[in-house]
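> Pasting target00.pdb below, which is PDB, C-alpha atoms.
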ATOM      1  CA  GLY A   1      35.621 -24.115 -63.254
ATOM      2  CA  LEU A   2      39.239 -23.506 -62.380
ATOM      3  CA  LEU A   3      38.364 -21.104 -59.584
ATOM      4  CA  ALA A   4      35.793 -23.534 -58.167
ATOM      5  CA  ILE A   5      38.483 -26.244 -58.199
ATOM      6  CA  PHE A   6      40.797 -23.935 -56.236
ATOM      7  CA  GLY A   7      37.983 -23.344 -53.738
ATOM      8  CA  ILE A   8      37.407 -27.086 -53.350
ATOM      9  CA  ALA A   9      41.143 -27.632 -52.930
ATOM     10  CA  ALA A  10      41.272 -24.896 -50.276
ATOM     11  CA  GLY A  11      38.442 -26.625 -48.404
ATOM     12  CA  ASN A  12      40.336 -29.908 -48.636
ATOM     13  CA  LEU A  13      43.473 -28.235 -47.296
ATOM     14  CA  VAL A  14      41.572 -26.764 -44.342
ATOM     15  CA  GLN A  15      39.944 -30.087 -43.459
ATOM     16  CA  GLY A  16      43.174 -32.026 -44.086
ATOM     17  CA  THR A  17      45.078 -29.614 -41.849
ATOM     18  CA  ALA A  18      42.481 -30.007 -39.108
ATOM     19  CA  VAL A  19      42.814 -33.788 -39.222
ATOM     20  CA  GLY A  20      46.601 -33.716 -39.594
ATOM     21  CA  LEU A  21      46.937 -31.574 -36.477
ATOM     22  CA  GLY A  22      44.414 -33.649 -34.523
ATOM     23  CA  LEU A  23      41.691 -31.003 -34.590
ATOM     24  CA  GLY A  24      39.411 -33.159 -36.724
ATOM     25  CA  THR A  25      38.996 -35.646 -33.908
ATOM     26  CA  LEU A  26      38.065 -32.831 -31.536
ATOM     27  CA  LEU A  27      35.555 -31.505 -34.068
ATOM     28  CA  VAL A  28      33.893 -34.889 -34.505
ATOM     29  CA  ARG A  29      33.806 -35.468 -30.733
ATOM     30  CA  SER A  30      32.325 -32.029 -30.108
ATOM     31  CA  GLN A  31      28.733 -32.923 -30.832
ATOM     32  CA  PRO A  32      27.386 -29.338 -31.082
ATOM     33  CA  LEU A  33      30.160 -28.240 -33.432
ATOM     34  CA  PHE A  34      29.867 -31.340 -35.607
ATOM     35  CA  LEU A  35      26.078 -31.006 -35.767
ATOM     36  CA  THR A  36      26.425 -27.350 -36.756
ATOM     37  CA  LEU A  37      28.788 -28.314 -39.584
ATOM     38  CA  ARG A  38      26.480 -31.135 -40.634
ATOM     39  CA  TRP A  39      23.352 -28.946 -40.730
ATOM     40  CA  ALA A  40      25.228 -26.225 -42.587
ATOM     41  CA  GLY A  41      26.061 -28.893 -45.160
ATOM     42  CA  VAL A  42      22.425 -29.995 -45.350
ATOM     43  CA  VAL A  43      21.229 -26.425 -45.891
ATOM     44  CA  TYR A  44      23.884 -25.684 -48.516
ATOM     45  CA  LEU A  45      23.262 -28.920 -50.453
ATOM     46  CA  CYS A  46      19.522 -28.275 -50.513
ATOM     47  CA  TYR A  47      20.085 -24.654 -51.552
ATOM     48  CA  LEU A  48      22.275 -25.776 -54.471
ATOM     49  CA  GLY A  49      19.724 -28.455 -55.380
ATOM     50  CA  PHE A  50      16.828 -26.001 -55.429
ATOM     51  CA  GLN A  51      18.894 -23.577 -57.513
ATOM     52  CA  ALA A  52      19.561 -26.330 -60.060
ATOM     53  CA  LEU A  53      15.905 -27.406 -60.128
ATOM     54  CA  ARG A  54      14.819 -23.795 -60.549
ATOM     55  CA  GLY A  55      17.209 -23.478 -63.491
ATOM     56  CA  ALA A  56      15.809 -26.659 -65.042
ATOM     57  CA  TRP A  57      12.237 -25.462 -64.538
ATOM     58  CA  ARG A  58      12.835 -22.033 -66.049
ATOM     59  CA  GLY A  59      15.193 -23.178 -68.775
ATOM     60  CA  ASP A  60      16.153 -19.570 -69.534
ATOM     61  CA  TYR A  61      19.829 -20.261 -70.107
ATOM     62  CA  ALA A  62      20.541 -17.213 -72.252
ATOM     63  CA  LYS A  63      19.708 -14.985 -69.277
ATOM     64  CA  LEU A  64      21.642 -17.240 -66.892
ATOM     65  CA  ASP A  65      24.689 -17.192 -69.174
ATOM     66  CA  VAL A  66      24.715 -13.392 -69.090
ATOM     67  CA  LEU A  67      24.380 -13.385 -65.291
ATOM     68  CA  GLY A  68      26.998 -16.126 -64.968
ATOM     69  CA  SER A  69      29.498 -14.223 -67.067
ATOM     70  CA  ARG A  70      29.162 -11.317 -64.625
ATOM     71  CA  ALA A  71      29.902 -13.503 -61.591
ATOM     72  CA  THR A  72      33.167 -12.681 -59.900
ATOM     73  CA  GLY A  73      36.023 -15.114 -59.617
ATOM     74  CA  PHE A  74      35.684 -14.920 -55.862
ATOM     75  CA  ARG A  75      32.076 -16.127 -56.110
ATOM     76  CA  ARG A  76      33.163 -19.202 -58.071
ATOM     77  CA  TRP A  77      35.961 -19.885 -55.564
ATOM     78  CA  ARG A  78      33.532 -19.386 -52.657
ATOM     79  CA  GLU A  79      31.015 -21.824 -54.161
ATOM     80  CA  GLY A  80      33.691 -24.514 -54.437
ATOM     81  CA  PHE A  81      35.035 -23.796 -50.958
ATOM     82  CA  LEU A  82      31.608 -23.821 -49.293
ATOM     83  CA  SER A  83      30.525 -27.015 -51.027
ATOM     84  CA  ASN A  84      33.625 -28.722 -49.638
ATOM     85  CA  ILE A  85      34.035 -27.177 -46.195
ATOM     86  CA  THR A  86      30.385 -27.727 -45.219
ATOM     87  CA  ASN A  87      30.565 -31.385 -46.210
ATOM     88  CA  PRO A  88      31.228 -33.455 -43.075
ATOM     89  CA  LYS A  89      31.856 -36.491 -45.287
ATOM     90  CA  VAL A  90      35.178 -34.939 -46.358
ATOM     91  CA  LEU A  91      36.247 -34.700 -42.732
ATOM     92  CA  ALA A  92      35.032 -38.251 -42.119
ATOM     93  CA  LEU A  93      37.066 -39.436 -45.128
ATOM     94  CA  TYR A  94      40.216 -37.841 -43.771
ATOM     95  CA  LEU A  95      39.559 -39.236 -40.299
ATOM     96  CA  SER A  96      38.955 -42.763 -41.579
ATOM     97  CA  VAL A  97      41.660 -42.973 -44.254
ATOM     98  CA  LEU A  98      44.653 -41.025 -42.953
ATOM     99  CA  PRO A  99      45.211 -42.991 -39.706
ATOM    100  CA  GLN A 100      45.582 -46.217 -41.680
ATOM    101  CA  PHE A 101      48.750 -44.846 -43.257
ATOM    102  CA  LEU A 102      50.261 -43.304 -40.134
ATOM    103  CA  ASP A 103      52.329 -45.037 -37.484
ATOM    104  CA  PRO A 104      51.112 -43.748 -34.104
ATOM    105  CA  HIS A 105      54.612 -44.117 -32.620
ATOM    106  CA  GLY A 106      56.792 -42.753 -35.416
ATOM    107  CA  THR A 107      54.677 -40.286 -37.377
ATOM    108  CA  SER A 108      54.987 -36.560 -36.893
ATOM    109  CA  ALA A 109      52.338 -33.923 -37.517
ATOM    110  CA  GLY A 110      54.348 -32.962 -40.592
ATOM    111  CA  ASP A 111      53.970 -36.479 -41.993
ATOM    112  CA  ALA A 112      50.225 -36.386 -41.369
ATOM    113  CA  LEU A 113      49.942 -32.982 -43.051
ATOM    114  CA  MET A 114      51.976 -34.179 -46.040
ATOM    115  CA  LEU A 115      49.609 -37.114 -46.489
ATOM    116  CA  ALA A 116      46.533 -34.898 -46.122
ATOM    117  CA  TYR A 117      47.903 -32.382 -48.622
ATOM    118  CA  THR A 118      48.689 -35.188 -51.063
ATOM    119  CA  VAL A 119      45.025 -36.201 -50.940
ATOM    120  CA  ALA A 120      43.993 -32.581 -51.593
ATOM    121  CA  VAL A 121      46.388 -32.216 -54.542
ATOM    122  CA  LEU A 122      45.293 -35.510 -56.099
ATOM    123  CA  GLY A 123      41.664 -34.452 -55.721
ATOM    124  CA  ALA A 124      42.396 -31.142 -57.444
ATOM    125  CA  LEU A 125      44.226 -32.938 -60.262
ATOM    126  CA  TRP A 126      41.227 -35.240 -60.748
ATOM    127  CA  LEU A 127      38.910 -32.227 -60.927
ATOM    128  CA  LEU A 128      41.214 -30.623 -63.518
ATOM    129  CA  VAL A 129      40.928 -33.752 -65.674
ATOM    130  CA  LEU A 130      37.131 -33.646 -65.345
ATOM    131  CA  MET A 131      37.107 -29.959 -66.242
ATOM    132  CA  ALA A 132      39.172 -30.665 -69.366
ATOM    133  CA  LEU A 133      36.758 -33.433 -70.398
ATOM    134  CA  VAL A 134      33.728 -31.220 -69.845
ATOM    135  CA  HIS A 135      35.421 -28.472 -71.850
ATOM    136  CA  ARG A 136      35.764 -30.862 -74.801
ATOM    137  CA  VAL A 137      32.021 -31.641 -74.816
ATOM    138  CA  ARG A 138      30.807 -28.174 -73.846
ATOM    139  CA  ILE A 139      29.007 -27.577 -77.162
ATOM    140  CA  TRP A 140      26.820 -30.609 -76.523
ATOM    141  CA  LEU A 141      26.375 -29.642 -72.855
ATOM    142  CA  GLN A 142      25.176 -26.161 -73.858
ATOM    143  CA  ARG A 143      22.122 -27.516 -75.643
ATOM    144  CA  ARG A 144      19.018 -26.370 -73.803
ATOM    145  CA  ARG A 145      17.530 -29.842 -73.507
ATOM    146  CA  VAL A 146      20.772 -31.336 -72.186
ATOM    147  CA  ARG A 147      21.255 -28.495 -69.697
ATOM    148  CA  ARG A 148      17.718 -28.801 -68.394
ATOM    149  CA  SER A 149      18.124 -32.560 -67.966
ATOM    150  CA  LEU A 150      21.456 -32.183 -66.208
ATOM    151  CA  ASP A 151      20.089 -29.457 -63.936
ATOM    152  CA  ALA A 152      17.080 -31.595 -63.035
ATOM    153  CA  VAL A 153      19.197 -34.659 -62.251
ATOM    154  CA  THR A 154      21.805 -32.616 -60.386
ATOM    155  CA  GLY A 155      19.202 -30.723 -58.359
ATOM    156  CA  THR A 156      17.411 -33.916 -57.421
ATOM    157  CA  ALA A 157      20.685 -35.592 -56.442
ATOM    158  CA  LEU A 158      21.845 -32.640 -54.336
ATOM    159  CA  ILE A 159      18.551 -32.456 -52.468
ATOM    160  CA  GLY A 160      18.653 -36.229 -52.020
ATOM    161  CA  PHE A 161      22.187 -35.982 -50.578
ATOM    162  CA  GLY A 162      21.012 -33.202 -48.278
ATOM    163  CA  ILE A 163      18.081 -35.291 -47.057
ATOM    164  CA  ALA A 164      20.328 -38.333 -46.577
ATOM    165  CA  LEU A 165      22.795 -36.246 -44.592
ATOM    166  CA  ALA A 166      19.973 -34.867 -42.452
ATOM    167  CA  ALA A 167      18.562 -38.358 -41.857
ATOM    168  CA  GLU A 168      21.848 -39.881 -40.664
ATOM    169  CA  ALA A 169      21.944 -40.610 -36.974
TER     170      ALA A 169
END
Taking this structure as input, can you express it in the form of C-alpha coordinates?

Amino acid sequence: GLLAIFGIAAGNLVQGTAVGLGLGTLLVRSQPLFLTLRWAGVVYLCYLGFQALRGAWRGDYAKLDVLGSRATGFRRWREGFLSNITNPKVLALYLSVLPQFLDPHGTSAGDALMLAYTVAVLGALWLLVLMALVHRVRIWLQRRRVRRSLDAVTGTALIGFGIALAAEA
(Lines of atoms letter the chains of each structure in order from A and count residues from 1; the text may use other names and numbers.)
(Lines give C-alpha, C1' and ligand atoms only; values in the text may rest on other atoms or scores of the structure.)
Protein backbone atom coordinates (compact mmCIF):
# COMPACT_ATOMS: atom_id res chain seq x y z
CA GLY A 1 0.00 0.00 0.00
CA LEU A 2 2.81 2.37 0.86
CA LEU A 3 4.47 1.93 -2.51
CA ALA A 4 1.17 2.48 -4.33
CA ILE A 5 0.71 5.69 -2.32
CA PHE A 6 4.17 6.85 -3.43
CA GLY A 7 3.20 6.09 -7.03
CA ILE A 8 -0.03 8.08 -6.69
CA ALA A 9 1.90 10.95 -5.10
CA ALA A 10 4.43 10.87 -7.95
CA GLY A 11 1.57 11.09 -10.45
CA ASN A 12 0.14 14.03 -8.52
CA LEU A 13 3.54 15.74 -8.54
CA VAL A 14 3.87 15.28 -12.31
CA GLN A 15 0.39 16.65 -13.00
CA GLY A 16 0.79 19.44 -10.42
CA THR A 17 4.11 20.43 -11.99
CA ALA A 18 2.53 20.49 -15.44
CA VAL A 19 -0.22 22.81 -14.23
CA GLY A 20 2.12 24.93 -12.11
CA LEU A 21 4.37 25.57 -15.10
CA GLY A 22 1.44 26.23 -17.43
CA LEU A 23 1.82 22.98 -19.36
CA GLY A 24 -1.52 21.66 -18.13
CA THR A 25 -3.38 24.32 -20.06
CA LEU A 26 -1.47 23.39 -23.21
CA LEU A 27 -2.29 19.72 -22.64
CA VAL A 28 -6.00 20.39 -22.22
CA ARG A 29 -6.05 22.68 -25.28
CA SER A 30 -4.21 20.11 -27.39
CA GLN A 31 -7.20 18.00 -28.29
CA PRO A 32 -5.26 14.97 -29.63
CA LEU A 33 -2.99 14.82 -26.60
CA PHE A 34 -5.84 15.26 -24.14
CA LEU A 35 -7.93 12.63 -25.92
CA THR A 36 -4.99 10.22 -25.84
CA LEU A 37 -4.63 10.74 -22.09
CA ARG A 38 -8.37 10.36 -21.61
CA TRP A 39 -8.60 7.11 -23.60
CA ALA A 40 -5.55 5.73 -21.82
CA GLY A 41 -7.43 6.41 -18.59
CA VAL A 42 -10.54 4.67 -19.91
CA VAL A 43 -8.56 1.59 -20.93
CA TYR A 44 -6.67 1.43 -17.63
CA LEU A 45 -9.81 1.87 -15.49
CA CYS A 46 -11.61 -0.87 -17.41
CA TYR A 47 -8.57 -3.15 -17.18
CA LEU A 48 -8.45 -2.69 -13.40
CA GLY A 49 -12.21 -3.22 -13.19
CA PHE A 50 -12.09 -6.46 -15.17
CA GLN A 51 -9.18 -7.68 -13.03
CA ALA A 52 -11.22 -7.03 -9.88
CA LEU A 53 -14.32 -8.73 -11.32
CA ARG A 54 -12.22 -11.70 -12.40
CA GLY A 55 -10.86 -11.96 -8.86
CA ALA A 56 -14.38 -11.83 -7.44
CA TRP A 57 -15.59 -14.48 -9.89
CA ARG A 58 -12.73 -16.87 -9.20
CA GLY A 59 -12.50 -16.20 -5.48
CA ASP A 60 -9.19 -18.07 -5.29
CA TYR A 61 -7.54 -15.69 -2.86
CA ALA A 62 -4.98 -18.14 -1.49
CA LYS A 63 -3.40 -18.35 -4.94
CA LEU A 64 -3.68 -14.59 -5.44
CA ASP A 65 -2.04 -13.93 -2.07
CA VAL A 66 0.95 -16.05 -3.08
CA LEU A 67 1.20 -14.24 -6.43
CA GLY A 68 0.72 -10.87 -4.75
CA SER A 69 3.48 -11.52 -2.26
CA ARG A 70 5.83 -12.10 -5.20
CA ALA A 71 4.95 -8.77 -6.83
CA THR A 72 7.80 -6.31 -6.88
CA GLY A 73 7.70 -2.98 -5.12
CA PHE A 74 8.09 -1.31 -8.49
CA ARG A 75 4.90 -2.99 -9.72
CA ARG A 76 2.94 -1.59 -6.77
CA TRP A 77 4.43 1.87 -7.35
CA ARG A 78 3.67 1.62 -11.09
CA GLU A 79 0.05 0.65 -10.43
CA GLY A 80 -0.44 3.72 -8.22
CA PHE A 81 1.37 5.99 -10.67
CA LEU A 82 -0.56 4.75 -13.72
CA SER A 83 -3.92 4.99 -11.98
CA ASN A 84 -3.18 8.64 -11.22
CA ILE A 85 -1.31 9.84 -14.30
CA THR A 86 -3.87 8.40 -16.74
CA ASN A 87 -6.72 10.09 -14.90
CA PRO A 88 -7.55 13.35 -16.69
CA LYS A 89 -9.80 14.31 -13.76
CA VAL A 90 -6.67 14.92 -11.65
CA LEU A 91 -5.39 17.38 -14.23
CA ALA A 92 -8.84 18.98 -14.44
CA LEU A 93 -8.87 19.33 -10.63
CA TYR A 94 -5.53 21.10 -10.65
CA LEU A 95 -6.60 23.34 -13.53
CA SER A 96 -9.87 24.30 -11.86
CA VAL A 97 -8.69 24.69 -8.25
CA LEU A 98 -5.18 26.12 -8.39
CA PRO A 99 -5.98 29.33 -10.35
CA GLN A 100 -8.50 30.36 -7.70
CA PHE A 101 -5.67 30.71 -5.19
CA LEU A 102 -3.17 32.42 -7.47
CA ASP A 103 -2.93 36.12 -8.25
CA PRO A 104 -2.26 36.41 -12.00
CA HIS A 105 -0.22 39.60 -11.46
CA GLY A 106 1.85 38.68 -8.41
CA THR A 107 2.23 34.91 -8.41
CA SER A 108 5.39 33.22 -9.60
CA ALA A 109 5.74 29.73 -11.02
CA GLY A 110 7.35 28.79 -7.72
CA ASP A 111 4.21 29.83 -5.84
CA ALA A 112 2.05 27.78 -8.19
CA LEU A 113 4.33 24.75 -7.78
CA MET A 114 4.29 25.12 -3.99
CA LEU A 115 0.49 25.09 -4.02
CA ALA A 116 0.37 22.09 -6.37
CA TYR A 117 2.87 20.17 -4.25
CA THR A 118 0.88 20.98 -1.11
CA VAL A 119 -2.15 19.34 -2.73
CA ALA A 120 -0.04 16.27 -3.59
CA VAL A 121 1.36 15.99 -0.06
CA LEU A 122 -2.07 16.37 1.55
CA GLY A 123 -3.43 13.70 -0.79
CA ALA A 124 -0.61 11.34 0.17
CA LEU A 125 -1.22 12.01 3.88
CA TRP A 126 -4.92 11.21 3.41
CA LEU A 127 -4.02 7.94 1.68
CA LEU A 128 -1.66 7.08 4.57
CA VAL A 129 -4.54 7.55 7.02
CA LEU A 130 -6.75 5.30 4.89
CA MET A 131 -4.00 2.69 4.70
CA ALA A 132 -3.65 2.72 8.49
CA LEU A 133 -7.42 2.26 8.89
CA VAL A 134 -7.49 -0.61 6.40
CA HIS A 135 -4.55 -2.19 8.21
CA ARG A 136 -6.56 -2.18 11.45
CA VAL A 137 -9.47 -4.07 9.85
CA ARG A 138 -7.40 -6.30 7.58
CA ILE A 139 -8.44 -9.53 9.33
CA TRP A 140 -12.07 -8.81 8.51
CA LEU A 141 -11.15 -7.69 4.97
CA GLN A 142 -9.30 -10.97 4.36
CA ARG A 143 -12.44 -13.04 4.72
CA ARG A 144 -13.24 -14.66 1.39
CA ARG A 145 -16.82 -13.43 1.29
CA VAL A 146 -15.83 -9.86 2.13
CA ARG A 147 -13.03 -9.86 -0.44
CA ARG A 148 -15.28 -11.20 -3.16
CA SER A 149 -17.91 -8.56 -2.38
CA LEU A 150 -15.35 -5.76 -2.34
CA ASP A 151 -13.80 -6.97 -5.59
CA ALA A 152 -17.21 -7.14 -7.26
CA VAL A 153 -18.20 -3.65 -6.12
CA THR A 154 -14.78 -2.20 -6.94
CA GLY A 155 -14.66 -3.83 -10.37
CA THR A 156 -18.14 -2.62 -11.22
CA ALA A 157 -17.31 0.90 -10.04
CA LEU A 158 -14.04 1.05 -11.99
CA ILE A 159 -15.70 -0.11 -15.19
CA GLY A 160 -18.53 2.36 -14.57
CA PHE A 161 -15.99 5.18 -14.13
CA GLY A 162 -14.27 4.08 -17.33
CA ILE A 163 -17.55 4.10 -19.24
CA ALA A 164 -18.48 7.50 -17.79
CA LEU A 165 -15.10 8.89 -18.79
CA ALA A 166 -15.50 7.48 -22.29
CA ALA A 167 -19.02 8.92 -22.59
CA GLU A 168 -18.04 12.48 -21.62
CA ALA A 169 -18.10 14.92 -24.48
> Can you check which parts of region 96-123 of chain A lie within 12 Å of region 24-38 of chain A? Per residue, the shortest pair of atoms and distance in Å to one decimal, counting all atoms listed in the file, sorted by chain and number, as a Markdown table.

| residue | atom | partner | partner_atom | distance |
| --- | --- | --- | --- | --- |
| A:Ser96 | CA | A:Thr25 | CA | 10.5 |
| A:Leu98 | CA | A:Gly24 | CA | 11.3 |
| A:Pro99 | CA | A:Thr25 | CA | 11.2 |
| A:Ala116 | CA | A:Gly24 | CA | 11.9 |
> When you look at Asn87 (chain A) with a cut-off of 9 Å (counting all atoms listed in the file), what residues show up, excluding the ones that are within fewer than 4 positions of it in the same chain? I need them as a ChimeraX atom specification.
/A:37-38,40-42,45,82-83,91
> Near Gly11 (chain A), counting all atoms listed in the file, which residues have an atom at most 9 Å away, once you skip same-chain residues fewer than 6 positions from it, shown as an mmCIF file with C-alpha atoms, in the frame of the given file?

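What landed in result.cif:
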data_model
loop_
_atom_site.group_PDB
_atom_site.id
_atom_site.type_symbol
_atom_site.label_atom_id
_atom_site.label_comp_id
_atom_site.auth_asym_id
_atom_site.auth_seq_id
_atom_site.Cartn_x
_atom_site.Cartn_y
_atom_site.Cartn_z
ATOM 1 C CA GLY A 80 33.691 -24.514 -54.437
ATOM 2 C CA PHE A 81 35.035 -23.796 -50.958
ATOM 3 C CA LEU A 82 31.608 -23.821 -49.293
ATOM 4 C CA SER A 83 30.525 -27.015 -51.027
ATOM 5 C CA ASN A 84 33.625 -28.722 -49.638
ATOM 6 C CA ILE A 85 34.035 -27.177 -46.195
ATOM 7 C CA THR A 86 30.385 -27.727 -45.219
ATOM 8 C CA ALA A 120 43.993 -32.581 -51.593
#
> Please provide the set of residues having any atom within 10 Å of Thr17 (chain A), restricted to only C-alpha atoms, with same-chain residues fewer than 4 positions apart removed, written as a PyMOL selection string.
chain A and resi 11-13+21-24+94+109-110+112-117
> Residues within 9 Å of Thr156 (chain A), please, as a list in words. Count only C-alpha atoms; anything in the same chain fewer than 4 positions from it doesn't count.
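Selected residues are Gly49, Phe50, Ala52, Leu53, Asp151, Ala152, Gly160 and Phe161 of chain A.
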> To one decimal place in Å, what is the distance between CA of Gly7 (chain A) and CA of Arg78 (chain A)?
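These two atoms are separated by 6.1 Å.
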> Return the single residue from A:Arg54, A:Gly59, A:Ala4, A:Trp39 that is closest to Arg143 (chain A), with distances computed using only C-alpha atoms.
A:Gly59
> What residues come out when you apply the PyMOL selection byres ((chain A and resi 1) around 10) to this file, written as a VMD selection string?
chain A and resid 2 to 7 73 76 to 77 80 127 to 128 130 to 132 134 to 135
> Rounded to one decimal, what separation in Å do you get between CA of Arg138 (chain A) and CA of Leu150 (chain A)?
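Value for the CA of Arg138 (chain A)-CA of Leu150 (chain A) distance: 12.7 Å.
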> Using all atoms listed in the file for the distances, tell me which of A:Gly20, A:Leu133, A:Leu141, A:Ala9 is nearest to Thr107 (chain A).
A:Gly20
> Looking at A:Leu158, A:Pro88, A:Val97, A:His105, which one is nearest to Val119 (chain A), with distances taken over only C-alpha atoms?
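Checking each of A:Leu158, A:Pro88, A:Val97, A:His105 against Val119 (chain A), counting only C-alpha atoms, the winner is A:Val97.
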> Nearest residue to Leu48 (chain A) out of A:Val14, A:Ala71, A:Ala157, A:Ala124, using only C-alpha atoms?
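Answer, going by the shortest atom-to-atom distance: A:Ala157.
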> May I ask for the distance between CA of Tyr61 (chain A) and CA of Arg147 (chain A), given in Å to one decimal place?
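Taking CA of Tyr61 (chain A) as the start and CA of Arg147 (chain A) as the end point, the length is 8.4 Å.
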> Could you rebuild region 66-96 of chain A with N, CA and C atoms and give me the result as a PDB file, in the frame of the given file?

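Output file out.pdb follows:
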ATOM      1  N   VAL A  66      24.325 -14.793 -69.254  1.00  0.00           N
ATOM      2  CA  VAL A  66      24.715 -13.392 -69.090  1.00  0.00           C
ATOM      3  C   VAL A  66      25.024 -13.115 -67.624  1.00  0.00           C
ATOM      4  N   LEU A  67      24.149 -13.583 -66.720  1.00  0.00           N
ATOM      5  CA  LEU A  67      24.380 -13.385 -65.291  1.00  0.00           C
ATOM      6  C   LEU A  67      25.637 -14.123 -64.828  1.00  0.00           C
ATOM      7  N   GLY A  68      25.830 -15.332 -65.338  1.00  0.00           N
ATOM      8  CA  GLY A  68      26.998 -16.126 -64.968  1.00  0.00           C
ATOM      9  C   GLY A  68      28.300 -15.511 -65.423  1.00  0.00           C
ATOM     10  N   SER A  69      28.274 -14.857 -66.576  1.00  0.00           N
ATOM     11  CA  SER A  69      29.498 -14.223 -67.067  1.00  0.00           C
ATOM     12  C   SER A  69      29.869 -13.011 -66.227  1.00  0.00           C
ATOM     13  N   ARG A  70      28.895 -12.458 -65.504  1.00  0.00           N
ATOM     14  CA  ARG A  70      29.162 -11.317 -64.625  1.00  0.00           C
ATOM     15  C   ARG A  70      29.637 -11.743 -63.238  1.00  0.00           C
ATOM     16  N   ALA A  71      29.514 -13.024 -62.927  1.00  0.00           N
ATOM     17  CA  ALA A  71      29.902 -13.503 -61.591  1.00  0.00           C
ATOM     18  C   ALA A  71      31.402 -13.314 -61.402  1.00  0.00           C
ATOM     19  N   THR A  72      31.759 -12.915 -60.193  1.00  0.00           N
ATOM     20  CA  THR A  72      33.167 -12.681 -59.900  1.00  0.00           C
ATOM     21  C   THR A  72      33.900 -13.998 -59.703  1.00  0.00           C
ATOM     22  N   GLY A  73      35.205 -13.938 -59.869  1.00  0.00           N
ATOM     23  CA  GLY A  73      36.023 -15.114 -59.617  1.00  0.00           C
ATOM     24  C   GLY A  73      35.928 -15.560 -58.175  1.00  0.00           C
ATOM     25  N   PHE A  74      35.807 -14.576 -57.275  1.00  0.00           N
ATOM     26  CA  PHE A  74      35.684 -14.920 -55.862  1.00  0.00           C
ATOM     27  C   PHE A  74      34.417 -15.716 -55.610  1.00  0.00           C
ATOM     28  N   ARG A  75      33.334 -15.381 -56.304  1.00  0.00           N
ATOM     29  CA  ARG A  75      32.076 -16.127 -56.110  1.00  0.00           C
ATOM     30  C   ARG A  75      32.267 -17.584 -56.512  1.00  0.00           C
ATOM     31  N   ARG A  76      32.933 -17.823 -57.618  1.00  0.00           N
ATOM     32  CA  ARG A  76      33.163 -19.202 -58.071  1.00  0.00           C
ATOM     33  C   ARG A  76      34.038 -19.949 -57.061  1.00  0.00           C
ATOM     34  N   TRP A  77      35.088 -19.276 -56.564  1.00  0.00           N
ATOM     35  CA  TRP A  77      35.961 -19.885 -55.564  1.00  0.00           C
ATOM     36  C   TRP A  77      35.153 -20.196 -54.306  1.00  0.00           C
ATOM     37  N   ARG A  78      34.336 -19.237 -53.869  1.00  0.00           N
ATOM     38  CA  ARG A  78      33.532 -19.386 -52.657  1.00  0.00           C
ATOM     39  C   ARG A  78      32.555 -20.553 -52.785  1.00  0.00           C
ATOM     40  N   GLU A  79      31.942 -20.708 -53.958  1.00  0.00           N
ATOM     41  CA  GLU A  79      31.015 -21.824 -54.161  1.00  0.00           C
ATOM     42  C   GLU A  79      31.725 -23.166 -54.000  1.00  0.00           C
ATOM     43  N   GLY A  80      32.920 -23.277 -54.582  1.00  0.00           N
ATOM     44  CA  GLY A  80      33.691 -24.514 -54.437  1.00  0.00           C
ATOM     45  C   GLY A  80      34.116 -24.754 -53.002  1.00  0.00           C
ATOM     46  N   PHE A  81      34.586 -23.687 -52.349  1.00  0.00           N
ATOM     47  CA  PHE A  81      35.035 -23.796 -50.958  1.00  0.00           C
ATOM     48  C   PHE A  81      33.888 -24.206 -50.039  1.00  0.00           C
ATOM     49  N   LEU A  82      32.746 -23.522 -50.166  1.00  0.00           N
ATOM     50  CA  LEU A  82      31.608 -23.821 -49.293  1.00  0.00           C
ATOM     51  C   LEU A  82      31.061 -25.223 -49.517  1.00  0.00           C
ATOM     52  N   SER A  83      31.040 -25.663 -50.773  1.00  0.00           N
ATOM     53  CA  SER A  83      30.525 -27.015 -51.027  1.00  0.00           C
ATOM     54  C   SER A  83      31.421 -28.068 -50.394  1.00  0.00           C
ATOM     55  N   ASN A  84      32.710 -27.766 -50.241  1.00  0.00           N
ATOM     56  CA  ASN A  84      33.625 -28.722 -49.638  1.00  0.00           C
ATOM     57  C   ASN A  84      33.669 -28.583 -48.117  1.00  0.00           C
ATOM     58  N   ILE A  85      33.807 -27.374 -47.625  1.00  0.00           N
ATOM     59  CA  ILE A  85      34.035 -27.177 -46.195  1.00  0.00           C
ATOM     60  C   ILE A  85      32.798 -27.500 -45.365  1.00  0.00           C
ATOM     61  N   THR A  86      31.607 -27.397 -45.957  1.00  0.00           N
ATOM     62  CA  THR A  86      30.385 -27.727 -45.219  1.00  0.00           C
ATOM     63  C   THR A  86      30.000 -29.194 -45.364  1.00  0.00           C
ATOM     64  N   ASN A  87      30.846 -29.972 -45.999  1.00  0.00           N
ATOM     65  CA  ASN A  87      30.565 -31.385 -46.210  1.00  0.00           C
ATOM     66  C   ASN A  87      31.273 -32.211 -45.136  1.00  0.00           C
ATOM     67  N   PRO A  88      30.562 -32.685 -44.131  1.00  0.00           N
ATOM     68  CA  PRO A  88      31.228 -33.455 -43.075  1.00  0.00           C
ATOM     69  C   PRO A  88      31.784 -34.790 -43.569  1.00  0.00           C
ATOM     70  N   LYS A  89      31.345 -35.238 -44.734  1.00  0.00           N
ATOM     71  CA  LYS A  89      31.856 -36.491 -45.287  1.00  0.00           C
ATOM     72  C   LYS A  89      33.334 -36.358 -45.647  1.00  0.00           C
ATOM     73  N   VAL A  90      33.763 -35.156 -46.036  1.00  0.00           N
ATOM     74  CA  VAL A  90      35.178 -34.939 -46.358  1.00  0.00           C
ATOM     75  C   VAL A  90      36.006 -35.131 -45.091  1.00  0.00           C
ATOM     76  N   LEU A  91      35.557 -34.540 -44.009  1.00  0.00           N
ATOM     77  CA  LEU A  91      36.247 -34.700 -42.732  1.00  0.00           C
ATOM     78  C   LEU A  91      36.242 -36.166 -42.308  1.00  0.00           C
ATOM     79  N   ALA A  92      35.121 -36.831 -42.476  1.00  0.00           N
ATOM     80  CA  ALA A  92      35.032 -38.251 -42.119  1.00  0.00           C
ATOM     81  C   ALA A  92      35.992 -39.088 -42.971  1.00  0.00           C
ATOM     82  N   LEU A  93      36.122 -38.723 -44.255  1.00  0.00           N
ATOM     83  CA  LEU A  93      37.066 -39.436 -45.128  1.00  0.00           C
ATOM     84  C   LEU A  93      38.488 -39.284 -44.606  1.00  0.00           C
ATOM     85  N   TYR A  94      38.872 -38.064 -44.306  1.00  0.00           N
ATOM     86  CA  TYR A  94      40.216 -37.841 -43.771  1.00  0.00           C
ATOM     87  C   TYR A  94      40.426 -38.600 -42.463  1.00  0.00           C
ATOM     88  N   LEU A  95      39.423 -38.568 -41.589  1.00  0.00           N
ATOM     89  CA  LEU A  95      39.559 -39.236 -40.299  1.00  0.00           C
ATOM     90  C   LEU A  95      39.604 -40.752 -40.425  1.00  0.00           C
ATOM     91  N   SER A  96      38.969 -41.305 -41.446  1.00  0.00           N
ATOM     92  CA  SER A  96      38.955 -42.763 -41.579  1.00  0.00           C
ATOM     93  C   SER A  96      40.122 -43.287 -42.416  1.00  0.00           C
TER      94      SER A  96
END
